[in-house]
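Source file: final.txt. Holds: compact mmCIF, N, CA and C atoms.
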```
# COMPACT_ATOMS: atom_id res chain seq x y z
N MET A 21 -45.38 110.21 160.73
CA MET A 21 -46.63 110.76 160.24
C MET A 21 -46.68 110.66 158.72
N SER A 22 -45.60 111.03 158.07
CA SER A 22 -45.53 111.00 156.62
C SER A 22 -45.70 109.58 156.09
N LEU A 23 -45.15 108.62 156.78
CA LEU A 23 -45.28 107.22 156.36
C LEU A 23 -46.73 106.75 156.42
N GLN A 24 -47.48 107.24 157.39
CA GLN A 24 -48.89 106.87 157.48
C GLN A 24 -49.67 107.40 156.27
N PHE A 25 -49.35 108.62 155.86
CA PHE A 25 -50.02 109.18 154.68
C PHE A 25 -49.66 108.39 153.43
N LEU A 26 -48.38 108.04 153.30
CA LEU A 26 -47.96 107.26 152.15
C LEU A 26 -48.66 105.91 152.11
N LYS A 27 -48.74 105.26 153.29
CA LYS A 27 -49.41 103.96 153.35
C LYS A 27 -50.89 104.09 153.03
N SER A 28 -51.54 105.10 153.59
CA SER A 28 -52.97 105.27 153.31
C SER A 28 -53.21 105.60 151.85
N GLU A 29 -52.31 106.38 151.23
CA GLU A 29 -52.43 106.67 149.81
C GLU A 29 -52.27 105.41 148.98
N ALA A 30 -51.31 104.58 149.34
CA ALA A 30 -51.10 103.32 148.63
C ALA A 30 -52.31 102.40 148.82
N ASP A 31 -52.87 102.39 150.02
CA ASP A 31 -54.06 101.57 150.28
C ASP A 31 -55.23 102.04 149.43
N LEU A 32 -55.41 103.35 149.34
CA LEU A 32 -56.50 103.88 148.53
C LEU A 32 -56.32 103.55 147.06
N GLU A 33 -55.09 103.64 146.57
CA GLU A 33 -54.83 103.27 145.18
C GLU A 33 -55.13 101.79 144.95
N TYR A 34 -54.76 100.93 145.90
CA TYR A 34 -55.04 99.51 145.77
C TYR A 34 -56.56 99.27 145.75
N ILE A 35 -57.27 99.93 146.64
CA ILE A 35 -58.73 99.76 146.70
C ILE A 35 -59.36 100.23 145.38
N GLU A 36 -58.87 101.36 144.87
CA GLU A 36 -59.41 101.88 143.61
C GLU A 36 -59.19 100.88 142.48
N LYS A 37 -57.98 100.33 142.38
CA LYS A 37 -57.69 99.35 141.33
C LYS A 37 -58.53 98.10 141.51
N ARG A 38 -58.67 97.67 142.74
CA ARG A 38 -59.47 96.47 143.03
C ARG A 38 -60.93 96.69 142.63
N LEU A 39 -61.47 97.87 142.96
CA LEU A 39 -62.85 98.18 142.59
C LEU A 39 -63.02 98.23 141.07
N LYS A 40 -62.05 98.81 140.38
CA LYS A 40 -62.12 98.84 138.93
C LYS A 40 -62.18 97.44 138.35
N LEU A 41 -61.31 96.58 138.86
CA LEU A 41 -61.30 95.19 138.38
C LEU A 41 -62.63 94.50 138.67
N ASP A 42 -63.17 94.74 139.87
CA ASP A 42 -64.47 94.14 140.22
C ASP A 42 -65.58 94.67 139.31
N PHE A 43 -65.56 95.97 139.03
CA PHE A 43 -66.56 96.54 138.14
C PHE A 43 -66.45 95.94 136.74
N ILE A 44 -65.22 95.84 136.27
CA ILE A 44 -65.01 95.26 134.93
C ILE A 44 -65.51 93.82 134.89
N LYS A 45 -65.19 93.06 135.93
CA LYS A 45 -65.60 91.65 136.00
C LYS A 45 -67.13 91.54 136.03
N ARG A 46 -67.78 92.34 136.87
CA ARG A 46 -69.25 92.28 136.98
C ARG A 46 -69.91 92.74 135.69
N THR A 47 -69.35 93.76 135.07
CA THR A 47 -69.90 94.24 133.82
C THR A 47 -69.86 93.15 132.76
N ALA A 48 -68.73 92.46 132.70
CA ALA A 48 -68.58 91.37 131.73
C ALA A 48 -69.52 90.21 132.05
N GLU A 49 -69.66 89.88 133.33
CA GLU A 49 -70.54 88.77 133.74
C GLU A 49 -72.00 89.08 133.44
N ASN A 50 -72.39 90.33 133.58
CA ASN A 50 -73.79 90.72 133.35
C ASN A 50 -74.09 91.00 131.89
N GLY A 51 -73.08 90.91 131.05
CA GLY A 51 -73.28 91.14 129.63
C GLY A 51 -73.50 92.60 129.28
N CYS A 52 -73.09 93.49 130.14
CA CYS A 52 -73.24 94.93 129.89
C CYS A 52 -72.09 95.42 129.03
N SER A 53 -72.33 96.52 128.34
CA SER A 53 -71.26 97.09 127.52
C SER A 53 -70.24 97.77 128.42
N ALA A 54 -69.06 98.00 127.86
CA ALA A 54 -68.00 98.64 128.62
C ALA A 54 -68.37 100.07 129.02
N GLU A 55 -69.24 100.70 128.22
CA GLU A 55 -69.66 102.07 128.52
C GLU A 55 -70.48 102.15 129.81
N GLU A 56 -71.08 101.02 130.20
CA GLU A 56 -71.88 101.01 131.42
C GLU A 56 -71.05 100.68 132.65
N ASN A 57 -69.77 100.49 132.47
CA ASN A 57 -68.87 100.18 133.57
C ASN A 57 -68.68 101.43 134.43
N PRO A 58 -69.05 101.36 135.71
CA PRO A 58 -68.92 102.53 136.58
C PRO A 58 -67.48 103.04 136.69
N ALA A 59 -66.51 102.15 136.64
CA ALA A 59 -65.12 102.59 136.73
C ALA A 59 -64.74 103.44 135.53
N LEU A 60 -65.17 103.01 134.35
CA LEU A 60 -64.88 103.78 133.15
C LEU A 60 -65.64 105.10 133.16
N MET A 61 -66.86 105.06 133.69
CA MET A 61 -67.64 106.30 133.80
C MET A 61 -66.92 107.30 134.70
N LEU A 62 -66.36 106.81 135.80
CA LEU A 62 -65.64 107.70 136.71
C LEU A 62 -64.40 108.28 136.04
N GLU A 63 -63.69 107.46 135.27
CA GLU A 63 -62.51 107.95 134.56
C GLU A 63 -62.92 109.01 133.54
N ASN A 64 -64.01 108.74 132.83
CA ASN A 64 -64.51 109.73 131.87
C ASN A 64 -64.91 111.02 132.57
N LEU A 65 -65.51 110.89 133.73
CA LEU A 65 -65.91 112.05 134.50
C LEU A 65 -64.70 112.85 134.94
N ARG A 66 -63.65 112.18 135.38
CA ARG A 66 -62.42 112.88 135.77
C ARG A 66 -61.84 113.64 134.57
N ALA A 67 -61.84 112.99 133.40
CA ALA A 67 -61.31 113.64 132.21
C ALA A 67 -62.16 114.87 131.86
N LEU A 68 -63.47 114.74 131.98
CA LEU A 68 -64.35 115.88 131.70
C LEU A 68 -64.12 117.02 132.69
N LYS A 69 -63.92 116.67 133.95
CA LYS A 69 -63.66 117.70 134.96
C LYS A 69 -62.36 118.43 134.65
N ALA A 70 -61.33 117.67 134.24
CA ALA A 70 -60.05 118.29 133.90
C ALA A 70 -60.21 119.22 132.70
N LYS A 71 -60.95 118.78 131.69
CA LYS A 71 -61.19 119.63 130.53
C LYS A 71 -61.97 120.88 130.92
N HIS A 72 -62.96 120.70 131.77
CA HIS A 72 -63.78 121.83 132.23
C HIS A 72 -62.91 122.85 132.97
N THR A 73 -62.04 122.37 133.83
CA THR A 73 -61.15 123.26 134.57
C THR A 73 -60.23 124.02 133.62
N ALA A 74 -59.70 123.30 132.62
CA ALA A 74 -58.82 123.94 131.65
C ALA A 74 -59.59 125.00 130.84
N LEU A 75 -60.81 124.67 130.45
CA LEU A 75 -61.62 125.63 129.69
C LEU A 75 -61.96 126.86 130.53
N CYS A 76 -62.28 126.64 131.79
CA CYS A 76 -62.57 127.78 132.67
C CYS A 76 -61.36 128.70 132.78
N SER A 77 -60.20 128.10 132.90
CA SER A 77 -58.97 128.88 132.98
C SER A 77 -58.75 129.67 131.69
N GLU A 78 -58.97 129.03 130.55
CA GLU A 78 -58.81 129.71 129.27
C GLU A 78 -59.81 130.86 129.13
N VAL A 79 -61.05 130.62 129.56
CA VAL A 79 -62.07 131.67 129.47
C VAL A 79 -61.67 132.87 130.31
N LYS A 80 -61.12 132.62 131.49
CA LYS A 80 -60.68 133.73 132.34
C LYS A 80 -59.57 134.52 131.66
N GLU A 81 -58.62 133.80 131.05
CA GLU A 81 -57.52 134.47 130.36
C GLU A 81 -58.05 135.28 129.18
N ILE A 82 -58.95 134.70 128.42
CA ILE A 82 -59.52 135.39 127.25
C ILE A 82 -60.30 136.61 127.69
N THR A 83 -61.08 136.48 128.75
CA THR A 83 -61.86 137.60 129.27
C THR A 83 -60.95 138.73 129.72
N ALA A 84 -59.87 138.39 130.41
CA ALA A 84 -58.93 139.41 130.86
C ALA A 84 -58.26 140.10 129.67
N ALA A 85 -57.87 139.31 128.67
CA ALA A 85 -57.24 139.90 127.47
C ALA A 85 -58.23 140.76 126.71
N GLN A 86 -59.48 140.32 126.64
CA GLN A 86 -60.51 141.08 125.95
C GLN A 86 -60.76 142.41 126.65
N LYS A 87 -60.81 142.37 127.97
CA LYS A 87 -61.02 143.60 128.74
C LYS A 87 -59.85 144.55 128.54
N GLU A 88 -58.64 144.00 128.57
CA GLU A 88 -57.44 144.83 128.37
C GLU A 88 -57.46 145.47 126.98
N THR A 89 -57.84 144.69 125.98
CA THR A 89 -57.90 145.21 124.61
C THR A 89 -58.97 146.29 124.49
N MET A 90 -60.13 146.05 125.06
CA MET A 90 -61.20 147.05 124.99
C MET A 90 -60.80 148.33 125.73
N ASP A 91 -60.13 148.19 126.86
CA ASP A 91 -59.66 149.38 127.58
C ASP A 91 -58.65 150.16 126.74
N SER A 92 -57.77 149.43 126.08
CA SER A 92 -56.78 150.08 125.22
C SER A 92 -57.46 150.80 124.06
N ILE A 93 -58.42 150.14 123.42
CA ILE A 93 -59.17 150.77 122.33
C ILE A 93 -59.89 152.01 122.83
N LYS A 94 -60.52 151.88 123.97
CA LYS A 94 -61.25 153.02 124.55
C LYS A 94 -60.31 154.19 124.81
N ASN A 95 -59.15 153.91 125.40
CA ASN A 95 -58.21 154.98 125.70
C ASN A 95 -57.67 155.62 124.42
N ASN A 96 -57.30 154.78 123.45
CA ASN A 96 -56.79 155.32 122.19
C ASN A 96 -57.84 156.13 121.46
N LEU A 97 -59.06 155.64 121.43
CA LEU A 97 -60.13 156.36 120.76
C LEU A 97 -60.40 157.69 121.46
N GLY A 98 -60.38 157.68 122.78
CA GLY A 98 -60.57 158.93 123.53
C GLY A 98 -59.48 159.94 123.23
N ASN A 99 -58.24 159.45 123.14
CA ASN A 99 -57.12 160.34 122.82
C ASN A 99 -57.26 160.91 121.41
N VAL A 100 -57.66 160.08 120.48
CA VAL A 100 -57.86 160.54 119.10
C VAL A 100 -58.96 161.58 119.05
N MET A 101 -60.05 161.35 119.76
CA MET A 101 -61.16 162.30 119.77
C MET A 101 -60.71 163.65 120.35
N LYS A 102 -59.93 163.62 121.42
CA LYS A 102 -59.43 164.86 122.01
C LYS A 102 -58.50 165.58 121.03
N LEU A 103 -57.67 164.83 120.35
CA LEU A 103 -56.76 165.42 119.38
C LEU A 103 -57.52 166.06 118.22
N ILE A 104 -58.54 165.37 117.73
CA ILE A 104 -59.36 165.93 116.65
C ILE A 104 -60.04 167.21 117.10
N GLN A 105 -60.61 167.21 118.29
CA GLN A 105 -61.26 168.42 118.80
C GLN A 105 -60.25 169.57 118.94
N HIS A 106 -59.08 169.24 119.46
CA HIS A 106 -58.06 170.27 119.63
C HIS A 106 -57.65 170.85 118.28
N LEU A 107 -57.46 169.97 117.29
CA LEU A 107 -57.08 170.45 115.95
C LEU A 107 -58.18 171.31 115.34
N GLN A 108 -59.43 170.92 115.53
CA GLN A 108 -60.53 171.71 114.98
C GLN A 108 -60.60 173.08 115.64
N GLN A 109 -60.32 173.12 116.95
CA GLN A 109 -60.41 174.38 117.68
C GLN A 109 -59.23 175.32 117.39
N THR A 110 -58.07 174.74 117.09
CA THR A 110 -56.88 175.57 116.91
C THR A 110 -56.55 175.87 115.46
N THR A 111 -57.23 175.23 114.53
CA THR A 111 -56.95 175.49 113.11
C THR A 111 -58.26 175.76 112.39
N ASP A 112 -58.15 176.18 111.17
CA ASP A 112 -59.33 176.40 110.35
C ASP A 112 -59.70 175.16 109.55
N VAL A 113 -59.01 174.07 109.80
CA VAL A 113 -59.26 172.84 109.06
C VAL A 113 -60.55 172.20 109.59
N LYS A 114 -61.41 171.85 108.67
CA LYS A 114 -62.65 171.17 109.04
C LYS A 114 -62.54 169.71 108.65
N VAL A 115 -63.01 168.86 109.52
CA VAL A 115 -62.99 167.43 109.26
C VAL A 115 -64.19 167.09 108.39
N GLU A 116 -63.95 166.30 107.36
CA GLU A 116 -65.02 165.88 106.47
C GLU A 116 -66.04 165.04 107.25
N PRO A 117 -67.31 165.14 106.88
CA PRO A 117 -68.31 164.30 107.54
C PRO A 117 -68.01 162.81 107.28
N LEU A 118 -68.47 161.98 108.20
CA LEU A 118 -68.26 160.55 108.06
C LEU A 118 -69.06 160.00 106.88
N THR A 119 -68.46 159.04 106.19
CA THR A 119 -69.20 158.34 105.14
C THR A 119 -70.18 157.39 105.81
N LYS A 120 -71.07 156.82 105.01
CA LYS A 120 -72.07 155.89 105.55
C LYS A 120 -71.39 154.71 106.25
N SER A 121 -70.38 154.13 105.61
CA SER A 121 -69.70 152.99 106.22
C SER A 121 -68.95 153.39 107.48
N GLU A 122 -68.39 154.61 107.52
CA GLU A 122 -67.71 155.10 108.73
C GLU A 122 -68.72 155.32 109.85
N GLN A 123 -69.90 155.85 109.48
CA GLN A 123 -70.94 156.04 110.49
C GLN A 123 -71.39 154.70 111.07
N ASP A 124 -71.56 153.70 110.17
CA ASP A 124 -71.96 152.37 110.64
C ASP A 124 -70.90 151.79 111.57
N ALA A 125 -69.64 151.94 111.17
CA ALA A 125 -68.54 151.44 112.00
C ALA A 125 -68.50 152.16 113.35
N ALA A 126 -68.72 153.47 113.33
CA ALA A 126 -68.73 154.24 114.57
C ALA A 126 -69.87 153.79 115.48
N GLU A 127 -71.02 153.52 114.89
CA GLU A 127 -72.16 153.05 115.69
C GLU A 127 -71.89 151.67 116.27
N ASN A 128 -71.31 150.78 115.46
CA ASN A 128 -70.96 149.44 115.97
C ASN A 128 -69.94 149.53 117.08
N LEU A 129 -68.94 150.38 116.90
CA LEU A 129 -67.92 150.56 117.92
C LEU A 129 -68.54 151.15 119.17
N ALA A 130 -69.42 152.11 119.00
CA ALA A 130 -70.06 152.74 120.16
C ALA A 130 -70.88 151.73 120.95
N SER A 131 -71.59 150.85 120.25
CA SER A 131 -72.39 149.86 120.98
C SER A 131 -71.50 148.87 121.70
N ALA A 132 -70.36 148.51 121.08
CA ALA A 132 -69.43 147.60 121.75
C ALA A 132 -68.76 148.27 122.94
N LEU A 133 -68.41 149.52 122.78
CA LEU A 133 -67.73 150.24 123.86
C LEU A 133 -68.68 150.67 124.97
N SER A 134 -69.96 150.74 124.67
CA SER A 134 -70.90 151.17 125.70
C SER A 134 -70.91 150.20 126.87
N GLN A 135 -70.52 148.98 126.61
CA GLN A 135 -70.43 148.00 127.69
C GLN A 135 -69.29 148.33 128.63
N THR A 136 -68.33 149.11 128.15
CA THR A 136 -67.22 149.53 129.01
C THR A 136 -67.31 151.01 129.32
N THR A 137 -68.51 151.52 129.35
CA THR A 137 -68.85 152.90 129.74
C THR A 137 -68.20 153.95 128.85
N THR A 138 -68.15 153.72 127.56
CA THR A 138 -67.61 154.72 126.64
C THR A 138 -68.63 155.10 125.58
N GLU A 139 -69.88 155.01 125.91
CA GLU A 139 -70.95 155.26 124.96
C GLU A 139 -70.88 156.66 124.35
N GLY A 140 -70.38 157.62 125.08
CA GLY A 140 -70.40 158.99 124.61
C GLY A 140 -69.36 159.34 123.56
N LEU A 141 -68.35 158.51 123.32
CA LEU A 141 -67.28 158.87 122.39
C LEU A 141 -67.77 159.07 120.96
N SER A 142 -68.55 158.17 120.43
CA SER A 142 -69.03 158.31 119.06
C SER A 142 -70.02 159.46 118.95
N ALA A 143 -70.85 159.61 119.93
CA ALA A 143 -71.81 160.72 119.91
C ALA A 143 -71.06 162.05 119.94
N GLU A 144 -69.99 162.12 120.70
CA GLU A 144 -69.18 163.33 120.76
C GLU A 144 -68.54 163.60 119.41
N ARG A 145 -68.07 162.55 118.73
CA ARG A 145 -67.43 162.67 117.40
C ARG A 145 -68.47 163.20 116.41
N ILE A 146 -69.66 162.65 116.44
CA ILE A 146 -70.70 163.06 115.51
C ILE A 146 -71.14 164.49 115.80
N ASN A 147 -71.23 164.87 117.08
CA ASN A 147 -71.65 166.21 117.45
C ASN A 147 -70.63 167.28 117.08
N THR A 148 -69.35 166.89 116.96
CA THR A 148 -68.33 167.87 116.61
C THR A 148 -68.13 168.01 115.12
N GLU A 149 -68.82 167.18 114.34
CA GLU A 149 -68.72 167.24 112.87
C GLU A 149 -69.42 168.50 112.37
N PRO A 150 -68.86 169.19 111.40
CA PRO A 150 -69.56 170.34 110.80
C PRO A 150 -70.79 169.84 110.05
N GLN A 151 -71.87 170.50 110.21
CA GLN A 151 -73.10 170.09 109.57
C GLN A 151 -73.18 170.67 108.17
N GLY A 152 -73.52 169.80 107.20
CA GLY A 152 -73.78 170.24 105.83
C GLY A 152 -72.58 170.77 105.07
N SER A 153 -71.36 170.31 105.39
CA SER A 153 -70.16 170.80 104.68
C SER A 153 -70.11 170.25 103.29
```
Would you encode the structure as structure tokens?
Amino acid sequence: MSLQFLKSEADLEYIEKRLKLDFIKRTAENGCSAEENPALMLENLRALKAKHTALCSEVKEITAAQKETMDSIKNNLGNVMKLIQHLQQTTDVKVEPLTKSEQDAAENLASALSQTTTEGLSAERINTEPQGS
């Protein structure tokens, strides 16, 4: 059984090579450019498919790493927010209000994190700030 598969594979390779040679010959006879050669087009298509597959794999890896990073940021930010609230509740220390650039950064972070269902963290931070200190 295995020998039949090997023979059929060898036959297919021979047919493929023969077709490529025929395409090249016809292309040359018709005065067409090499870019119009169907055999070369198929090879280019195979290369594009391989690149596409590699890119898809890379995108999946990047997406997974991005999600992991965002989850880590979300968890760390949540822990920091809980720690700040605990410190404010257990001590007389008041946290200074956010500067304009810190507020902008918090808003940008909140909008990025809202995609991972953490929209409330920045709002909670702002709501716990002492007003008019």
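In this model, the gap between atom CA of A:Ala67 and atom CA of A:Gln24 comes to 29.0 Å.
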Residue with the minimum atom-to-atom distance to A:Leu62, picked from A:Glu116, A:Glu36, A:Asp42, A:Glu127 with only C-alpha atoms counted, is A:Glu36
Among A:Ala74, A:Ala59, A:Leu23, A:Leu118, A:Leu39 is approached most closely, using only N, CA and C atoms, by A:Ala59
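Atom to atom, atom CA of A:Met90 and atom N of A:Ala125 stand 16.9 Å apart.
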Taken to one decimal, the atom CA of A:Cys76-atom CA of A:Ala130 distance is 28.9 Å
From the block I gave, I'd like stretch 70-108 of chain A written with N, CA and C atoms, as an mmCIF file, in the first residue's frame.
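Done, and the output landed in part_7.cif:
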```
data_model
loop_
_atom_site.group_PDB
_atom_site.id
_atom_site.type_symbol
_atom_site.label_atom_id
_atom_site.label_comp_id
_atom_site.auth_asym_id
_atom_site.auth_seq_id
_atom_site.Cartn_x
_atom_site.Cartn_y
_atom_site.Cartn_z
ATOM 1 N N ALA A 70 1.733 30.556 1.900
ATOM 2 C CA ALA A 70 2.618 30.244 3.018
ATOM 3 C C ALA A 70 2.839 31.486 3.882
ATOM 4 N N LYS A 71 3.050 32.633 3.237
ATOM 5 C CA LYS A 71 3.226 33.879 3.992
ATOM 6 C C LYS A 71 1.960 34.227 4.769
ATOM 7 N N HIS A 72 0.819 34.039 4.129
ATOM 8 C CA HIS A 72 -0.463 34.326 4.773
ATOM 9 C C HIS A 72 -0.641 33.447 6.009
ATOM 10 N N THR A 73 -0.335 32.179 5.881
ATOM 11 C CA THR A 73 -0.456 31.257 7.008
ATOM 12 C C THR A 73 0.470 31.672 8.144
ATOM 13 N N ALA A 74 1.702 32.052 7.794
ATOM 14 C CA ALA A 74 2.657 32.491 8.812
ATOM 15 C C ALA A 74 2.165 33.765 9.499
ATOM 16 N N LEU A 75 1.633 34.698 8.716
ATOM 17 C CA LEU A 75 1.117 35.944 9.294
ATOM 18 C C LEU A 75 -0.077 35.681 10.206
ATOM 19 N N CYS A 76 -0.951 34.788 9.792
ATOM 20 C CA CYS A 76 -2.106 34.445 10.636
ATOM 21 C C CYS A 76 -1.641 33.870 11.964
ATOM 22 N N SER A 77 -0.638 33.023 11.906
ATOM 23 C CA SER A 77 -0.097 32.438 13.126
ATOM 24 C C SER A 77 0.505 33.512 14.020
ATOM 25 N N GLU A 78 1.244 34.436 13.431
ATOM 26 C CA GLU A 78 1.842 35.525 14.200
ATOM 27 C C GLU A 78 0.765 36.412 14.825
ATOM 28 N N VAL A 79 -0.289 36.688 14.064
ATOM 29 C CA VAL A 79 -1.375 37.528 14.585
ATOM 30 C C VAL A 79 -2.031 36.850 15.783
ATOM 31 N N LYS A 80 -2.220 35.542 15.706
ATOM 32 C CA LYS A 80 -2.812 34.823 16.838
ATOM 33 C C LYS A 80 -1.913 34.911 18.063
ATOM 34 N N GLU A 81 -0.605 34.754 17.849
ATOM 35 C CA GLU A 81 0.337 34.845 18.965
ATOM 36 C C GLU A 81 0.331 36.250 19.566
ATOM 37 N N ILE A 82 0.335 37.255 18.710
ATOM 38 C CA ILE A 82 0.332 38.645 19.183
ATOM 39 C C ILE A 82 -0.952 38.948 19.930
ATOM 40 N N THR A 83 -2.070 38.486 19.405
ATOM 41 C CA THR A 83 -3.364 38.714 20.056
ATOM 42 C C THR A 83 -3.397 38.065 21.432
ATOM 43 N N ALA A 84 -2.878 36.844 21.526
ATOM 44 C CA ALA A 84 -2.847 36.155 22.814
ATOM 45 C C ALA A 84 -1.943 36.894 23.801
ATOM 46 N N ALA A 85 -0.780 37.338 23.326
ATOM 47 C CA ALA A 85 0.140 38.080 24.200
ATOM 48 C C ALA A 85 -0.469 39.406 24.619
ATOM 49 N N GLN A 86 -1.158 40.067 23.701
ATOM 50 C CA GLN A 86 -1.795 41.341 24.004
ATOM 51 C C GLN A 86 -2.887 41.159 25.059
ATOM 52 N N LYS A 87 -3.673 40.106 24.905
ATOM 53 C CA LYS A 87 -4.732 39.834 25.879
ATOM 54 C C LYS A 87 -4.130 39.533 27.246
ATOM 55 N N GLU A 88 -3.065 38.737 27.252
ATOM 56 C CA GLU A 88 -2.396 38.409 28.514
ATOM 57 C C GLU A 88 -1.852 39.669 29.186
ATOM 58 N N THR A 89 -1.254 40.538 28.390
ATOM 59 C CA THR A 89 -0.710 41.788 28.925
ATOM 60 C C THR A 89 -1.820 42.678 29.464
ATOM 61 N N MET A 90 -2.896 42.810 28.728
ATOM 62 C CA MET A 90 -4.015 43.646 29.186
ATOM 63 C C MET A 90 -4.633 43.069 30.461
ATOM 64 N N ASP A 91 -4.751 41.751 30.536
ATOM 65 C CA ASP A 91 -5.278 41.139 31.752
ATOM 66 C C ASP A 91 -4.359 41.419 32.941
ATOM 67 N N SER A 92 -3.062 41.332 32.704
ATOM 68 C CA SER A 92 -2.097 41.615 33.764
ATOM 69 C C SER A 92 -2.198 43.070 34.216
ATOM 70 N N ILE A 93 -2.275 43.986 33.256
ATOM 71 C CA ILE A 93 -2.419 45.409 33.588
ATOM 72 C C ILE A 93 -3.704 45.635 34.374
ATOM 73 N N LYS A 94 -4.768 45.025 33.914
ATOM 74 C CA LYS A 94 -6.065 45.174 34.589
ATOM 75 C C LYS A 94 -5.980 44.671 36.024
ATOM 76 N N ASN A 95 -5.379 43.500 36.224
ATOM 77 C CA ASN A 95 -5.273 42.944 37.569
ATOM 78 C C ASN A 95 -4.388 43.807 38.460
ATOM 79 N N ASN A 96 -3.248 44.239 37.924
ATOM 80 C CA ASN A 96 -2.350 45.091 38.711
ATOM 81 C C ASN A 96 -2.995 46.417 39.054
ATOM 82 N N LEU A 97 -3.678 47.018 38.100
ATOM 83 C CA LEU A 97 -4.344 48.283 38.353
ATOM 84 C C LEU A 97 -5.443 48.115 39.396
ATOM 85 N N GLY A 98 -6.185 47.031 39.301
ATOM 86 C CA GLY A 98 -7.226 46.763 40.297
ATOM 87 C C GLY A 98 -6.650 46.605 41.689
ATOM 88 N N ASN A 99 -5.519 45.896 41.777
ATOM 89 C CA ASN A 99 -4.867 45.718 43.075
ATOM 90 C C ASN A 99 -4.368 47.047 43.629
ATOM 91 N N VAL A 100 -3.805 47.871 42.775
ATOM 92 C CA VAL A 100 -3.331 49.187 43.209
ATOM 93 C C VAL A 100 -4.496 50.035 43.689
ATOM 94 N N MET A 101 -5.599 50.003 42.969
ATOM 95 C CA MET A 101 -6.771 50.793 43.364
ATOM 96 C C MET A 101 -7.293 50.337 44.729
ATOM 97 N N LYS A 102 -7.334 49.030 44.955
ATOM 98 C CA LYS A 102 -7.791 48.513 46.252
ATOM 99 C C LYS A 102 -6.826 48.937 47.363
ATOM 100 N N LEU A 103 -5.547 48.890 47.080
ATOM 101 C CA LEU A 103 -4.548 49.295 48.062
ATOM 102 C C LEU A 103 -4.681 50.777 48.402
ATOM 103 N N ILE A 104 -4.871 51.603 47.386
ATOM 104 C CA ILE A 104 -5.049 53.045 47.619
ATOM 105 C C ILE A 104 -6.289 53.292 48.459
ATOM 106 N N GLN A 105 -7.384 52.636 48.145
ATOM 107 C CA GLN A 105 -8.616 52.808 48.931
ATOM 108 C C GLN A 105 -8.403 52.361 50.377
ATOM 109 N N HIS A 106 -7.731 51.233 50.533
ATOM 110 C CA HIS A 106 -7.475 50.734 51.888
ATOM 111 C C HIS A 106 -6.624 51.723 52.679
ATOM 112 N N LEU A 107 -5.580 52.254 52.036
ATOM 113 C CA LEU A 107 -4.722 53.225 52.712
ATOM 114 C C LEU A 107 -5.485 54.489 53.079
ATOM 115 N N GLN A 108 -6.349 54.947 52.183
ATOM 116 C CA GLN A 108 -7.128 56.151 52.480
ATOM 117 C C GLN A 108 -8.086 55.910 53.638
#
```
